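Novice: One file is attached below, work-v6.cif, containing mmCIF, C-alpha atoms.
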```
data_data
#
loop_
_atom_site.label_atom_id
_atom_site.label_comp_id
_atom_site.auth_asym_id
_atom_site.auth_seq_id
_atom_site.Cartn_x
_atom_site.Cartn_y
_atom_site.Cartn_z
CA VAL T 1 57.75 -81.27 -179.88
CA GLN T 2 59.48 -81.76 -176.53
CA LEU T 3 62.00 -84.56 -176.09
CA GLN T 4 63.03 -86.13 -172.79
CA ALA T 5 65.96 -88.55 -172.80
CA SER T 6 66.68 -91.02 -170.03
CA GLY T 7 68.44 -94.30 -169.29
CA GLY T 8 72.09 -93.36 -169.10
CA GLY T 9 74.49 -94.37 -166.37
CA LEU T 10 77.68 -96.21 -165.57
CA VAL T 11 78.07 -99.39 -167.61
CA GLN T 12 81.00 -101.80 -167.66
CA ALA T 13 82.77 -102.45 -170.92
CA GLY T 14 80.97 -105.18 -172.81
CA GLY T 15 77.72 -104.39 -171.07
CA SER T 16 74.42 -103.06 -172.35
CA VAL T 17 72.08 -100.18 -171.69
CA ARG T 18 68.92 -98.88 -173.29
CA LEU T 19 68.24 -95.20 -173.71
CA SER T 20 64.74 -93.82 -174.07
CA CYS T 21 63.51 -90.58 -175.57
CA ALA T 22 59.91 -89.66 -174.82
CA ALA T 23 58.37 -87.25 -177.30
CA SER T 24 55.43 -85.03 -176.47
CA GLY T 25 53.66 -82.48 -178.56
CA ARG T 26 53.41 -83.37 -182.22
CA PRO T 27 56.21 -85.81 -183.04
CA SER T 28 54.33 -86.80 -186.21
CA ASP T 29 55.25 -83.37 -187.58
CA TYR T 30 58.81 -84.60 -187.82
CA PHE T 31 60.26 -87.12 -190.24
CA TYR T 32 63.57 -88.09 -188.67
CA MET T 33 64.24 -88.99 -185.06
CA ALA T 34 67.81 -89.60 -184.14
CA TRP T 35 70.45 -90.10 -181.50
CA PHE T 36 73.63 -88.08 -181.38
CA ARG T 37 76.41 -88.11 -178.82
CA GLN T 38 79.05 -85.74 -177.60
CA ALA T 39 82.16 -86.86 -175.80
CA PRO T 40 84.28 -84.45 -173.74
CA GLU T 41 86.30 -82.08 -175.91
CA LYS T 42 84.66 -83.44 -179.08
CA GLU T 43 81.94 -82.29 -181.43
CA ARG T 44 78.48 -83.79 -181.38
CA GLU T 45 78.30 -86.77 -183.71
CA PHE T 46 75.60 -88.83 -185.33
CA VAL T 47 74.82 -92.23 -183.81
CA ALA T 48 71.58 -93.56 -185.30
CA ALA T 49 68.35 -92.41 -186.91
CA ALA T 50 64.88 -93.69 -187.67
CA THR T 51 61.85 -92.19 -189.35
CA THR T 52 58.33 -91.60 -188.11
CA VAL T 53 56.76 -93.06 -191.26
CA ASN T 54 58.53 -96.34 -192.00
CA SER T 55 61.01 -98.82 -190.57
CA ASN T 56 64.15 -97.36 -192.15
CA THR T 57 67.11 -96.95 -189.83
CA TRP T 58 70.68 -95.73 -190.24
CA TYR T 59 73.78 -96.03 -188.09
CA ALA T 60 77.22 -94.56 -187.72
CA ASP T 61 79.90 -97.04 -188.70
CA SER T 62 81.30 -96.95 -185.17
CA VAL T 63 78.11 -98.41 -183.67
CA LYS T 64 76.79 -100.56 -186.50
CA GLY T 65 76.12 -104.09 -185.28
CA ARG T 66 76.19 -103.03 -181.61
CA PHE T 67 73.45 -100.41 -181.32
CA THR T 68 69.82 -100.66 -182.39
CA VAL T 69 67.43 -97.74 -182.79
CA SER T 70 63.72 -98.37 -182.59
CA ARG T 71 60.54 -96.42 -182.11
CA ASP T 72 57.39 -97.16 -180.14
CA LYS T 73 54.86 -95.40 -182.35
CA LEU T 74 51.97 -95.86 -179.96
CA ASN T 75 53.73 -94.13 -177.08
CA ASP T 76 56.04 -91.86 -179.12
CA ILE T 77 59.22 -93.19 -177.55
CA LEU T 78 62.52 -93.54 -179.37
CA TYR T 79 64.91 -96.16 -178.03
CA LEU T 80 68.59 -96.82 -178.43
CA GLN T 81 69.67 -100.30 -177.37
CA MET T 82 73.41 -100.22 -176.82
CA ASN T 83 75.26 -103.54 -176.59
CA SER T 84 78.94 -104.49 -176.38
CA LEU T 85 79.75 -101.08 -174.99
CA LYS T 86 83.28 -99.74 -175.23
CA PRO T 87 85.05 -96.94 -173.35
CA GLU T 88 84.93 -94.85 -176.52
CA ASP T 89 81.13 -94.91 -176.30
CA THR T 90 81.36 -92.67 -173.23
CA ALA T 91 79.43 -89.50 -174.04
CA VAL T 92 76.32 -87.47 -173.43
CA TYR T 93 73.64 -88.91 -175.69
CA TYR T 94 71.02 -86.61 -177.19
CA CYS T 95 67.82 -87.44 -179.00
CA ALA T 96 66.61 -85.15 -181.73
CA ALA T 97 63.74 -84.69 -184.16
CA GLY T 98 63.80 -83.03 -187.55
CA PRO T 99 61.91 -82.63 -190.82
CA TYR T 100 62.47 -84.57 -193.99
CA CYS T 101 65.55 -83.72 -195.99
CA ALA T 102 66.64 -85.01 -199.37
CA PRO T 103 70.44 -84.84 -199.63
CA TYR T 104 72.36 -88.06 -199.12
CA ARG T 105 72.86 -88.81 -195.41
CA CYS T 106 71.36 -85.48 -194.40
CA TYR T 107 69.87 -87.27 -191.40
CA ALA T 108 73.37 -87.42 -189.93
CA ALA T 109 73.81 -83.65 -189.74
CA THR T 110 73.06 -81.89 -186.46
CA THR T 111 71.90 -78.83 -188.37
CA ARG T 112 68.95 -80.77 -189.82
CA TYR T 113 67.35 -81.20 -186.41
CA THR T 114 65.14 -78.58 -184.81
CA ALA T 115 64.18 -80.26 -181.56
CA TRP T 116 66.63 -81.67 -179.03
CA GLY T 117 66.36 -83.48 -175.74
CA GLN T 118 68.47 -82.52 -172.74
CA GLY T 119 70.96 -85.38 -173.03
CA THR T 120 71.77 -88.37 -170.86
CA LEU T 121 75.28 -89.41 -169.85
CA VAL T 122 76.61 -92.88 -170.58
CA THR T 123 79.95 -93.72 -168.97
CA VAL T 124 81.90 -96.85 -169.90
CA PRO T 125 85.08 -97.05 -167.80
CA ALA T 126 88.26 -98.30 -169.40
#
```
Have the structure of the file written as structure tokens, please.
Specialist:
Amino acid sequence: VQLQASGGGLVQAGGSVRLSCAASGRPSDYFYMAWFRQAPEKEREFVAAATTVNSNTWYADSVKGRFTVSRDKLNDILYLQMNSLKPEDTAVYYCAAGPYCAPYRCYAATTRYTAWGQGTLVTVPA
């Protein structure tokens, strides 16, 4: 599967932005689709995940209540609605797709994902 992320930009603190990740190929071969982010000088971290088979979603504690992940099954697009943005949300956001895994919270591990988009930058000035 190929993943193409878009929608980033400069957003004022407290503002909102929606990221999109268009999947082509065979996204149904994957179980998890997720968003990760990487801030300068930091490791890539989990943001949110959804599945391709049901409505289950999961979030990092730092974004819970502010971000919403959703999936347009018909068009194979993964969204990340980001509200109440903070300067610490500044990062390159990546979408990813990966197979099913059983261990607790395995969906939050970068190593579980085998397909990655190119990333889109979200900047929230202080």
Novice: Which residues, written as a list of chain:residue names, have at least one atom at most 8 Å from stretch 25-31 of chain T, with only C-alpha atoms counted and residues fewer than 2 positions away on the same chain left out?
Specialist: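 Contacts, with the query itself left out: T:Val1, T:Gln2, T:Ala23, T:Met33, T:Thr51, T:Thr52, T:Val53, T:Asp76, T:Ala97, T:Gly98, T:Pro99, T:Tyr100.
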Novice: Counting only C-alpha atoms, what is within 12 Å of T:Ala34, bar same-chain residues fewer than 6 positions away, as JSON, numbers by chain?
Specialist: {"T": [3, 5, 19, 20, 21, 23, 45, 46, 47, 48, 49, 50, 51, 52, 56, 57, 58, 59, 60, 68, 69, 70, 71, 77, 78, 79, 80, 93, 94, 95, 96, 97, 98, 99, 106, 107, 108, 109, 110, 112, 113, 114, 115, 116, 117]}
Novice: Got time to write the residues from that selection, C-alpha atoms, as a CSV table (one decimal), in the frame of the given file?
Specialist:
```csv
chain,number,residue,atom,x,y,z
T,3,LEU,CA,62.0,-84.6,-176.1
T,5,ALA,CA,66.0,-88.6,-172.8
T,19,LEU,CA,68.2,-95.2,-173.7
T,20,SER,CA,64.7,-93.8,-174.1
T,21,CYS,CA,63.5,-90.6,-175.6
T,23,ALA,CA,58.4,-87.2,-177.3
T,45,GLU,CA,78.3,-86.8,-183.7
T,46,PHE,CA,75.6,-88.8,-185.3
T,47,VAL,CA,74.8,-92.2,-183.8
T,48,ALA,CA,71.6,-93.6,-185.3
T,49,ALA,CA,68.4,-92.4,-186.9
T,50,ALA,CA,64.9,-93.7,-187.7
T,51,THR,CA,61.8,-92.2,-189.4
T,52,THR,CA,58.3,-91.6,-188.1
T,56,ASN,CA,64.2,-97.4,-192.2
T,57,THR,CA,67.1,-97.0,-189.8
T,58,TRP,CA,70.7,-95.7,-190.2
T,59,TYR,CA,73.8,-96.0,-188.1
T,60,ALA,CA,77.2,-94.6,-187.7
T,68,THR,CA,69.8,-100.7,-182.4
T,69,VAL,CA,67.4,-97.7,-182.8
T,70,SER,CA,63.7,-98.4,-182.6
T,71,ARG,CA,60.5,-96.4,-182.1
T,77,ILE,CA,59.2,-93.2,-177.6
T,78,LEU,CA,62.5,-93.5,-179.4
T,79,TYR,CA,64.9,-96.2,-178.0
T,80,LEU,CA,68.6,-96.8,-178.4
T,93,TYR,CA,73.6,-88.9,-175.7
T,94,TYR,CA,71.0,-86.6,-177.2
T,95,CYS,CA,67.8,-87.4,-179.0
T,96,ALA,CA,66.6,-85.2,-181.7
T,97,ALA,CA,63.7,-84.7,-184.2
T,98,GLY,CA,63.8,-83.0,-187.6
T,99,PRO,CA,61.9,-82.6,-190.8
T,106,CYS,CA,71.4,-85.5,-194.4
T,107,TYR,CA,69.9,-87.3,-191.4
T,108,ALA,CA,73.4,-87.4,-189.9
T,109,ALA,CA,73.8,-83.6,-189.7
T,110,THR,CA,73.1,-81.9,-186.5
T,112,ARG,CA,69.0,-80.8,-189.8
T,113,TYR,CA,67.4,-81.2,-186.4
T,114,THR,CA,65.1,-78.6,-184.8
T,115,ALA,CA,64.2,-80.3,-181.6
T,116,TRP,CA,66.6,-81.7,-179.0
T,117,GLY,CA,66.4,-83.5,-175.7
```
Novice: With all atoms listed in the file as the basis for distance, which of T:Gln12, T:Arg66, T:Tyr32, T:Asp89 is at the shortest distance from T:Arg105?
Specialist: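 Under the stated criterion, the closest residue is T:Tyr32.
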Novice: Would you mind reading off the distance between atom CA of T:Thr123 and atom CA of T:Ala91, one decimal, in Å?
Specialist: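 Taking atom CA of T:Thr123 as the start and atom CA of T:Ala91 as the end point, the length is 6.6 Å.
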